[in-house]
$ cat run_30.tsv   # TSV, C-alpha atoms and all ligand atoms
chain	number	residue	atom	x	y	z
A	178	MET	CA	-63.62	-45.14	38.95
A	179	GLU	CA	-60.37	-47.05	39.37
A	180	SER	CA	-58.98	-48.52	36.14
A	181	ASN	CA	-57.47	-52.00	35.81
A	182	LYS	CA	-54.06	-50.37	35.42
A	183	ASP	CA	-54.52	-48.65	38.78
A	184	ASN	CA	-55.50	-51.98	40.36
A	185	VAL	CA	-52.37	-53.67	39.01
A	186	LYS	CA	-50.19	-50.79	40.25
A	187	MET	CA	-51.90	-50.92	43.63
A	188	ASP	CA	-51.30	-54.70	43.87
A	189	GLN	CA	-47.60	-54.27	43.13
A	190	ILE	CA	-47.27	-51.46	45.63
A	191	ASP	CA	-49.02	-53.59	48.25
A	192	ARG	CA	-46.69	-56.53	47.55
A	193	PHE	CA	-43.59	-54.40	48.04
A	194	TYR	CA	-45.12	-52.81	51.12
A	195	ARG	CA	-45.97	-56.18	52.68
A	196	TYR	CA	-42.51	-57.52	51.94
A	197	ILE	CA	-40.69	-54.64	53.61
A	198	LYS	CA	-40.14	-55.23	57.32
A	199	ASN	CA	-39.19	-52.60	59.83
A	200	GLY	CA	-35.37	-52.55	60.08
A	201	MET	CA	-34.84	-54.46	56.80
A	202	ASN	CA	-31.61	-53.61	54.98
A	203	VAL	CA	-32.34	-51.47	51.91
A	204	GLU	CA	-29.50	-52.99	49.81
A	205	ASP	CA	-30.89	-56.49	50.46
A	206	PHE	CA	-34.32	-55.38	49.30
A	207	MET	CA	-32.93	-53.81	46.12
A	208	GLN	CA	-30.90	-56.92	45.32
A	209	LYS	CA	-33.87	-59.20	45.91
A	210	PHE	CA	-35.98	-57.35	43.34
A	211	HIS	CA	-33.08	-56.19	41.07
A	212	LEU	CA	-33.93	-52.52	41.64
A	213	SER	CA	-31.85	-49.46	40.83
A	214	TYR	CA	-31.77	-46.40	43.14
A	215	ASN	CA	-34.04	-44.57	40.70
A	216	GLU	CA	-36.59	-47.39	40.81
A	217	LEU	CA	-36.43	-47.49	44.61
A	218	THR	CA	-37.07	-43.73	44.71
A	219	GLY	CA	-40.07	-44.27	42.43
A	220	ILE	CA	-41.48	-46.98	44.70
A	221	LEU	CA	-41.09	-44.77	47.78
A	222	GLU	CA	-42.88	-41.98	45.93
A	223	LEU	CA	-45.76	-44.37	45.06
A	224	PHE	CA	-45.90	-45.48	48.73
A	225	ARG	CA	-46.34	-41.83	49.65
A	226	ILE	CA	-49.06	-41.26	47.01
A	227	TYR	CA	-51.00	-44.37	48.12
A	228	GLY	CA	-50.66	-43.54	51.81
A	229	ARG	CA	-48.16	-46.29	52.77
A	230	VAL	CA	-45.71	-44.97	55.35
A	231	VAL	CA	-42.14	-46.19	54.75
A	232	ASP	CA	-38.96	-44.16	55.31
A	233	ILE	CA	-35.27	-44.90	54.96
A	234	ILE	CA	-32.91	-44.15	57.83
A	235	LYS	CA	-29.20	-44.67	58.44
A	236	LYS	CA	-28.17	-47.07	61.19
A	237	GLU	CA	-24.57	-48.16	61.82
A	238	ASP	CA	-23.41	-47.23	58.29
A	239	ALA	CA	-26.28	-49.14	56.67
A	240	LEU	CA	-29.52	-47.88	55.21
A	241	ILE	CA	-32.58	-49.57	56.67
A	242	PHE	CA	-36.33	-49.22	56.23
A	243	ASP	CA	-38.28	-47.47	58.93
A	244	LYS	CA	-41.82	-48.86	58.74
A	245	PRO	CA	-44.21	-48.15	61.60
A	246	ILE	CA	-45.77	-51.38	62.82
A	247	THR	CA	-49.51	-50.85	62.87
A	248	LYS	CA	-51.01	-54.32	63.07
A	249	THR	CA	-50.10	-55.94	66.33
A	250	THR	CA	-52.11	-57.52	69.09
A	251	SER	CA	-49.18	-57.41	71.48
A	252	THR	CA	-49.49	-55.24	74.53
A	253	LYS	CA	-45.68	-55.02	74.81
A	254	LYS	CA	-43.79	-52.14	73.29
A	255	PRO	CA	-41.57	-53.12	70.38
A	256	ASP	CA	-38.45	-51.63	72.05
A	257	ILE	CA	-37.22	-55.08	72.95
A	258	ASP	CA	-33.96	-56.76	72.06
A	259	PHE	CA	-34.93	-58.71	68.93
A	260	LYS	CA	-31.38	-60.05	68.52
A	261	ASN	CA	-31.82	-62.46	71.43
A	262	LEU	CA	-35.19	-63.74	70.27
A	263	ILE	CA	-36.08	-66.54	67.87
A	264	HIS	CA	-37.92	-65.23	64.83
A	265	THR	CA	-40.52	-67.49	63.23
A	266	GLU	CA	-42.53	-66.46	60.19
A	267	ILE	CA	-45.37	-68.72	59.05
A	268	GLY	CA	-48.38	-68.52	56.74
A	269	VAL	CA	-51.89	-69.50	57.87
A	270	VAL	CA	-54.76	-70.41	55.55
A	271	SER	CA	-58.09	-72.17	55.95
A	272	ASP	CA	-61.33	-73.29	54.31
A	273	THR	CA	-60.30	-73.71	50.68
A	274	HIS	CA	-63.48	-75.73	49.98
A	275	PHE	CA	-62.14	-77.25	46.77
A	276	GLY	CA	-64.94	-78.38	44.52
A	277	ASN	CA	-67.25	-75.48	45.37
A	278	ILE	CA	-67.95	-73.19	42.41
A	279	HIS	CA	-66.92	-70.22	44.56
A	280	GLN	CA	-63.45	-71.58	45.41
A	281	GLN	CA	-60.61	-69.08	44.98
A	282	MET	CA	-57.55	-71.17	44.22
A	283	HIS	CA	-55.97	-68.42	42.10
A	284	LEU	CA	-55.84	-66.32	45.28
A	285	LEU	CA	-54.45	-69.22	47.29
A	286	ASN	CA	-51.75	-69.42	44.60
A	287	ASP	CA	-51.12	-65.71	45.04
A	288	PHE	CA	-50.70	-66.17	48.79
A	289	TYR	CA	-48.30	-69.12	48.37
A	290	ARG	CA	-46.24	-67.04	45.92
A	291	GLU	CA	-46.09	-64.26	48.51
A	292	CYS	CA	-44.94	-66.74	51.18
A	293	TYR	CA	-42.30	-68.14	48.81
A	294	ASN	CA	-40.99	-64.61	48.14
A	295	ARG	CA	-40.61	-64.09	51.87
A	296	GLY	CA	-38.77	-67.36	52.41
A	297	ILE	CA	-41.57	-68.90	54.50
A	298	THR	CA	-41.27	-72.70	54.82
A	299	ILE	CA	-44.41	-73.63	56.81
A	300	ILE	CA	-48.03	-72.87	55.95
A	301	LEU	CA	-50.74	-74.13	58.29
A	302	HIS	CA	-54.17	-75.02	56.88
A	303	CYS	CA	-57.00	-75.02	59.44
A	304	GLY	CA	-59.40	-77.40	57.72
A	305	ASP	CA	-62.12	-77.77	55.06
A	306	LEU	CA	-59.71	-78.49	52.24
A	307	THR	CA	-62.65	-79.89	50.30
A	308	ASP	CA	-66.28	-78.79	50.02
A	309	GLY	CA	-67.50	-82.23	51.07
A	310	ASN	CA	-70.78	-83.90	50.43
A	311	TYR	CA	-73.66	-83.25	52.88
A	312	LEU	CA	-76.40	-85.81	52.28
A	313	ASN	CA	-78.87	-83.59	54.15
A	314	ARG	CA	-78.21	-80.62	51.84
A	315	PRO	CA	-79.76	-81.65	48.51
A	316	GLU	CA	-78.97	-78.23	47.08
A	317	GLN	CA	-75.22	-78.68	47.59
A	318	PRO	CA	-74.30	-80.45	44.30
A	319	ARG	CA	-75.61	-77.46	42.32
A	320	GLN	CA	-73.03	-75.33	44.14
A	321	GLN	CA	-70.18	-77.65	43.18
A	322	PHE	CA	-68.20	-78.39	40.03
A	323	LEU	CA	-66.56	-81.42	41.67
A	324	HIS	CA	-68.76	-84.04	43.29
A	325	GLY	CA	-67.95	-86.72	45.82
A	326	PHE	CA	-64.72	-87.97	47.31
A	327	ASP	CA	-62.82	-89.03	44.18
A	328	GLU	CA	-63.27	-85.76	42.30
A	329	GLN	CA	-62.63	-83.44	45.25
A	330	VAL	CA	-59.67	-85.27	46.78
A	331	GLY	CA	-58.18	-85.94	43.34
A	332	TYR	CA	-58.35	-82.21	42.74
A	333	VAL	CA	-56.52	-81.41	46.00
A	334	VAL	CA	-53.79	-83.91	45.10
A	335	ASP	CA	-53.43	-82.56	41.54
A	336	MET	CA	-53.97	-78.85	42.04
A	337	TYR	CA	-52.95	-77.73	45.55
A	338	PRO	CA	-49.99	-75.29	45.24
A	339	GLU	CA	-46.67	-77.10	45.17
A	340	VAL	CA	-43.88	-74.76	46.15
A	341	SER	CA	-40.28	-75.67	46.69
A	342	GLY	CA	-39.31	-75.38	50.35
A	343	ILE	CA	-42.89	-75.00	51.65
A	344	THR	CA	-44.61	-77.72	53.67
A	345	THR	CA	-48.35	-77.42	54.23
A	346	LYS	CA	-49.39	-78.83	57.59
A	347	TYR	CA	-53.14	-79.28	57.76
A	348	ILE	CA	-56.06	-80.47	59.82
A	349	LEU	CA	-59.35	-81.67	58.37
A	350	GLY	CA	-62.60	-79.82	59.03
A	351	SER	CA	-66.32	-80.40	59.11
A	352	HIS	CA	-66.77	-80.48	55.31
A	353	ASP	CA	-63.86	-82.92	54.84
A	354	GLU	CA	-65.38	-85.18	57.47
A	355	THR	CA	-68.58	-85.67	55.45
A	356	HIS	CA	-66.56	-87.95	53.14
A	357	TYR	CA	-65.76	-90.14	56.12
A	358	LYS	CA	-69.34	-90.08	57.38
A	359	ASN	CA	-70.64	-91.06	53.93
A	360	GLY	CA	-68.38	-94.06	53.44
A	361	GLN	CA	-65.32	-93.96	55.68
A	362	ALA	CA	-63.16	-92.32	53.04
A	363	THR	CA	-60.45	-90.20	54.66
A	364	VAL	CA	-59.29	-87.12	52.78
A	365	SER	CA	-55.92	-87.02	54.53
A	366	LYS	CA	-55.02	-90.61	53.70
A	367	TRP	CA	-54.97	-89.93	49.96
A	368	VAL	CA	-53.70	-86.36	50.07
A	369	SER	CA	-50.69	-87.19	52.23
A	370	MET	CA	-49.95	-90.45	50.44
A	371	CYS	CA	-49.76	-88.60	47.12
A	372	ARG	CA	-48.27	-85.29	48.29
A	373	SER	CA	-45.10	-85.41	50.39
A	374	ASP	CA	-45.32	-81.62	50.91
A	375	MET	CA	-48.69	-81.96	52.72
A	376	GLU	CA	-48.56	-83.22	56.27
A	377	PHE	CA	-51.75	-84.30	58.06
A	378	LEU	CA	-52.01	-83.33	61.74
A	379	GLY	CA	-55.52	-84.31	62.85
A	380	GLN	CA	-59.29	-84.22	62.37
A	381	ASP	CA	-60.72	-80.93	63.74
A	382	PHE	CA	-57.73	-80.24	65.98
A	383	ALA	CA	-53.94	-80.40	66.29
A	384	SER	CA	-51.34	-79.17	68.75
A	385	ILE	CA	-47.97	-78.37	67.21
A	386	ASN	CA	-44.75	-76.87	68.39
A	387	ILE	CA	-42.76	-74.58	66.10
A	388	ASN	CA	-39.45	-73.29	67.47
A	389	GLY	CA	-40.72	-73.96	70.99
A	390	VAL	CA	-44.00	-72.05	70.48
A	391	LYS	CA	-47.12	-74.08	71.21
A	392	ILE	CA	-49.80	-73.60	68.56
A	393	PHE	CA	-53.29	-75.11	68.50
A	394	MET	CA	-55.12	-75.50	65.20
A	395	ASP	CA	-58.84	-75.71	65.68
A	396	HIS	CA	-61.77	-76.37	63.33
A	397	PRO	CA	-64.98	-76.12	65.40
A	398	GLY	CA	-68.45	-77.15	64.25
A	399	GLY	CA	-71.76	-75.31	64.34
A	400	GLY	CA	-72.80	-71.92	63.04
A	401	SER	CA	-71.40	-68.44	63.46
A	402	ALA	CA	-72.46	-66.00	66.16
A	403	ALA	CA	-73.77	-62.50	65.49
A	404	SER	CA	-70.58	-61.04	66.96
A	405	ILE	CA	-67.24	-61.95	65.32
A	406	SER	CA	-65.45	-62.19	68.65
A	407	TYR	CA	-67.95	-64.35	70.57
A	408	LYS	CA	-67.15	-67.87	69.27
A	409	PRO	CA	-63.32	-67.52	69.23
A	410	GLN	CA	-63.39	-66.18	72.78
A	411	LYS	CA	-65.51	-69.15	73.84
A	412	ARG	CA	-62.92	-71.49	72.28
A	413	ILE	CA	-60.25	-69.90	74.46
A	414	GLU	CA	-62.44	-69.98	77.59
A	415	ILE	CA	-62.64	-73.78	77.46
A	416	LEU	CA	-58.84	-74.21	77.47
A	417	GLU	CA	-57.37	-75.34	80.79
A	418	SER	CA	-54.85	-72.87	82.26
A	419	ASN	CA	-51.90	-75.24	82.25
A	420	TYR	CA	-52.72	-76.60	78.81
A	421	LYS	CA	-53.21	-73.34	76.92
A	422	PRO	CA	-51.18	-72.69	73.75
A	423	GLN	CA	-49.44	-69.42	72.96
A	424	ILE	CA	-51.36	-69.20	69.69
A	425	LEU	CA	-54.81	-70.52	68.78
A	426	LEU	CA	-55.73	-70.63	65.07
A	427	ILE	CA	-59.42	-71.08	64.34
A	428	GLY	CA	-60.84	-72.07	60.95
A	429	HIS	CA	-64.47	-72.85	59.97
A	430	TYR	CA	-66.02	-69.40	60.47
A	431	HIS	CA	-64.62	-67.79	57.29
A	432	LYS	CA	-63.94	-64.57	59.18
A	433	SER	CA	-60.86	-62.56	60.04
A	434	TYR	CA	-60.09	-61.47	63.58
A	435	ALA	CA	-56.88	-61.21	65.62
A	436	PHE	CA	-57.08	-60.75	69.36
A	437	VAL	CA	-55.47	-61.59	72.70
A	438	TYR	CA	-57.50	-63.28	75.43
A	439	ARG	CA	-56.28	-65.10	78.55
A	440	ASN	CA	-52.75	-64.47	77.29
A	441	VAL	CA	-53.46	-66.50	74.14
A	442	HIS	CA	-52.97	-64.90	70.72
A	443	GLY	CA	-56.14	-65.88	68.89
A	444	ILE	CA	-56.50	-65.73	65.12
A	445	GLN	CA	-59.74	-66.39	63.35
A	446	VAL	CA	-58.53	-67.41	59.91
A	447	PRO	CA	-60.45	-66.32	56.80
A	448	SER	CA	-61.27	-68.58	53.86
A	449	PHE	CA	-60.35	-69.07	50.22
A	450	CYS	CA	-63.94	-69.46	49.08
A	451	ASP	CA	-66.31	-66.63	48.15
A	452	LYS	CA	-69.73	-66.38	49.79
A	453	THR	CA	-71.80	-69.51	49.19
A	454	GLN	CA	-75.56	-69.79	48.69
A	455	PHE	CA	-75.85	-71.17	52.24
A	456	GLN	CA	-74.03	-68.17	53.72
A	457	GLN	CA	-76.05	-65.78	51.56
A	458	LYS	CA	-79.30	-67.31	52.83
A	459	GLN	CA	-78.21	-67.27	56.45
A	460	GLY	CA	-76.93	-63.69	56.14
A	461	LEU	CA	-73.42	-64.74	57.15
A	462	LEU	CA	-70.32	-62.66	56.60
A	463	ASN	CA	-67.62	-64.36	54.53
A	464	VAL	CA	-64.04	-63.11	54.37
A	465	VAL	CA	-61.41	-64.26	51.87
A	466	GLY	CA	-57.76	-63.97	52.84
A	467	ALA	CA	-55.03	-65.35	55.06
A	468	TYR	CA	-52.49	-64.39	57.72
A	469	ILE	CA	-48.73	-64.19	57.91
A	470	LEU	CA	-47.54	-64.43	61.49
A	471	ASN	CA	-44.25	-62.98	62.67
A	472	ILE	CA	-43.46	-64.48	66.04
A	473	TYR	CA	-40.54	-63.46	68.26
A	474	SER	CA	-40.07	-65.87	71.13
A	475	ASP	CA	-37.48	-66.63	73.80
A	476	LYS	CA	-35.72	-69.97	74.24
A	477	ASN	CA	-38.59	-71.21	76.43
A	478	GLY	CA	-41.16	-70.57	73.72
A	479	ASN	CA	-42.63	-67.48	75.39
A	480	ILE	CA	-43.80	-64.91	72.86
A	481	GLU	CA	-42.17	-61.53	73.41
A	482	TYR	CA	-43.55	-59.92	70.29
A	483	PHE	CA	-46.28	-60.97	67.88
A	484	GLU	CA	-47.22	-59.40	64.56
A	485	PRO	CA	-50.20	-60.96	62.75
A	486	GLU	CA	-50.38	-59.58	59.22
A	487	GLU	CA	-53.83	-59.86	57.73
A	488	ILE	CA	-53.89	-60.28	53.96
A	489	LEU	CA	-57.37	-59.78	52.60
A	490	TYR	CA	-58.77	-60.07	49.10
A	491	GLY	CA	-61.71	-58.03	47.83
A	492	GLU	CA	-64.45	-58.53	45.28
A	493	LYS	CA	-62.22	-57.23	42.48
A	494	ASP	CA	-59.77	-60.11	43.13
A	495	MET	CA	-62.37	-62.87	43.02
A	496	TRP	CA	-64.06	-64.87	40.28
A	497	ASP	CA	-66.03	-68.08	40.54
A	498	GLU	CA	-63.70	-70.81	39.41
A	499	GLY	CA	-66.36	-73.46	38.98
A	500	PHE	CA	-68.14	-71.84	36.07
A	501	LYS	CA	-66.99	-71.57	32.46
A	502	ASP	CA	-63.61	-70.15	33.51
A	503	LYS	CA	-62.60	-73.22	35.52
A	504	ASN	CA	-59.83	-74.14	33.07
A	505	LYS	CA	-58.24	-70.75	33.65
A	506	VAL	CA	-57.05	-71.85	37.08
A	507	LYS	CA	-53.63	-73.38	36.78
A	508	LYS	CA	-51.76	-75.22	39.46
A	509	LEU	CA	-49.00	-73.15	41.06
A	510	VAL	CA	-45.71	-75.03	40.86
A	511	ILE	CA	-42.44	-73.43	41.94
A	512	ARG	CA	-39.44	-75.74	41.91
X	1	FE	FE	-65.53	-73.94	55.95
X	2	FE	FE	-66.05	-76.09	58.62

$ encode --input "run_30.tsv" --output "structure tokens" --more "lines below"
Ligand SMILES: [Fe+2]
Ligand SMILES: [Fe+2]
Amino acid sequence: MESNKDNVKMDQIDRFYRYIKNGMNVEDFMQKFHLSYNELTGILELFRIYGRVVDIIKKEDALIFDKPITKTTSTKKPDIDFKNLIHTEIGVVSDTHFGNIHQQMHLLNDFYRECYNRGITIILHCGDLTDGNYLNRPEQPRQQFLHGFDEQVGYVVDMYPEVSGITTKYILGSHDETHYKNGQATVSKWVSMCRSDMEFLGQDFASININGVKIFMDHPGGGSAASISYKPQKRIEILESNYKPQILLIGHYHKSYAFVYRNVHGIQVPSFCDKTQFQQKQGLLNVVGAYILNIYSDKNGNIEYFEPEEILYGEKDMWDEGFKDKNKVKKLVIR
């Protein structure tokens, strides 16, 4: 059985591994983490032991990392001229469901810290910031430690990670909308009035342009399908040819799936809430995690290379924040 010490070591190894990009300068990496050559050698040895493939090669008098790129949905070979492309790196999260006893804000904090370490400045949130208040689900309050609009939205304002240099651009989802349906209270109005680092883009949907790349953020309604790929593919099928984005980000389903369909890079974004009673009853899969997207585009916004990095959390990372341990969750503030 794996000990806690092994888990901690594994987490650190994974953090270093995720940070290292193919072609990254080794000196820069060592400086960033204040590492000596001996410590670097140790890390490479641990990579080898834990099955992470990273080598160091010499290129034009500099030492760089050679890291095989394994997670890509691009059909193009990566032997393209990256120097002439615009590189955009963004974080993508969804379905934080604040107020639900199964919320995982400590993991959201972990993800924001990771984004900060990488120098990411934009994180997109695809809806369901709050757990909402369904009047037709009388069992819902028992699954919540924050009830109603004031408590849930106040919590987002007070507790959502606040990280220097990072703006969270968000849409609202089906659970957020219940507050409006119950009494015309709009989550975004209060969140964005109180938090200058949180920018509201729309209810259920937004189209944004980042460095010329057209991105749709989508929070559908309705239930999941038996197959993970069915609903996201349907979302792409309804897009008109001349109106399609380069990237479609889909929240709501609490699942993780990256694919290419009709020349659109689709990402089904996982959640930051552990399986709820509703999902358990319905036999629905629930995935906790997020994505970091590395996008290489030309000056016209065409994507030449796309690397979606899936960051998933397992049962060992999760605890239910709404029970007796709720005071253990601290707000992440990096100034
Ligand atoms: Fe959701
Ligand atoms: Fe939803």

$ closest_residue --input "run_30.tsv" --among "A:Phe275, A:Tyr438, A:Tyr196, A:Tyr420" --to "ligand FE 1 (chain X)" --atoms "only C-alpha atoms and all ligand atoms"
A:Phe275

$ residues_near_ligand --input "run_30.tsv" --ligand "ligand FE 1 (chain X)" --cutoff "10 Å" --atoms "all atoms listed in the file" --output "ChimeraX atom specification"
/A:271-274,303-309,350-353,396-398,428-431,447-450,463

$ residues_around --input "run_30.tsv" --residues "A:Ser474" --least-positions-apart "3" --cutoff "6 Å" --atoms "only C-alpha atoms" --output "ChimeraX atom specification"
/A:262-263,478-481

$ residues_near_point --input "run_30.tsv" --point "(-68.1, -69.8, 67.2)" --cutoff "10 Å" --atoms "only C-alpha atoms" --output "list in words"
His396, Pro397, Gly398, Gly399, Gly400, Ser401, Ala402, Ala403, Ser404, Ile405, Ser406, Tyr407, Lys408, Pro409, Gln410, Lys411, Arg412, Ile427, Gly428, His429, Tyr430 and Gln445 of chain A

$ atom_distance --input "run_30.tsv" --atom1 "atom CA of A:Ala362" --atom2 "atom CA of A:Val330"
10.1 Å

$ residues_around --input "run_30.tsv" --residues "A:Lys358" --least-positions-apart "6" --cutoff "10 Å" --atoms "all atoms listed in the file" --output "list in words"
Asn310, Tyr311 and Leu312 of chain A

$ closest_residue --input "run_30.tsv" --among "A:Leu462, A:Leu285, A:Leu426, A:Val368" --to "A:Ser384" --atoms "all atoms listed in the file"
A:Leu426

$ closest_residue --input "run_30.tsv" --among "A:Gly360, A:Glu414, A:Asp188, A:Gly443" --to "A:Tyr490" --atoms "only C-alpha atoms"
A:Asp188
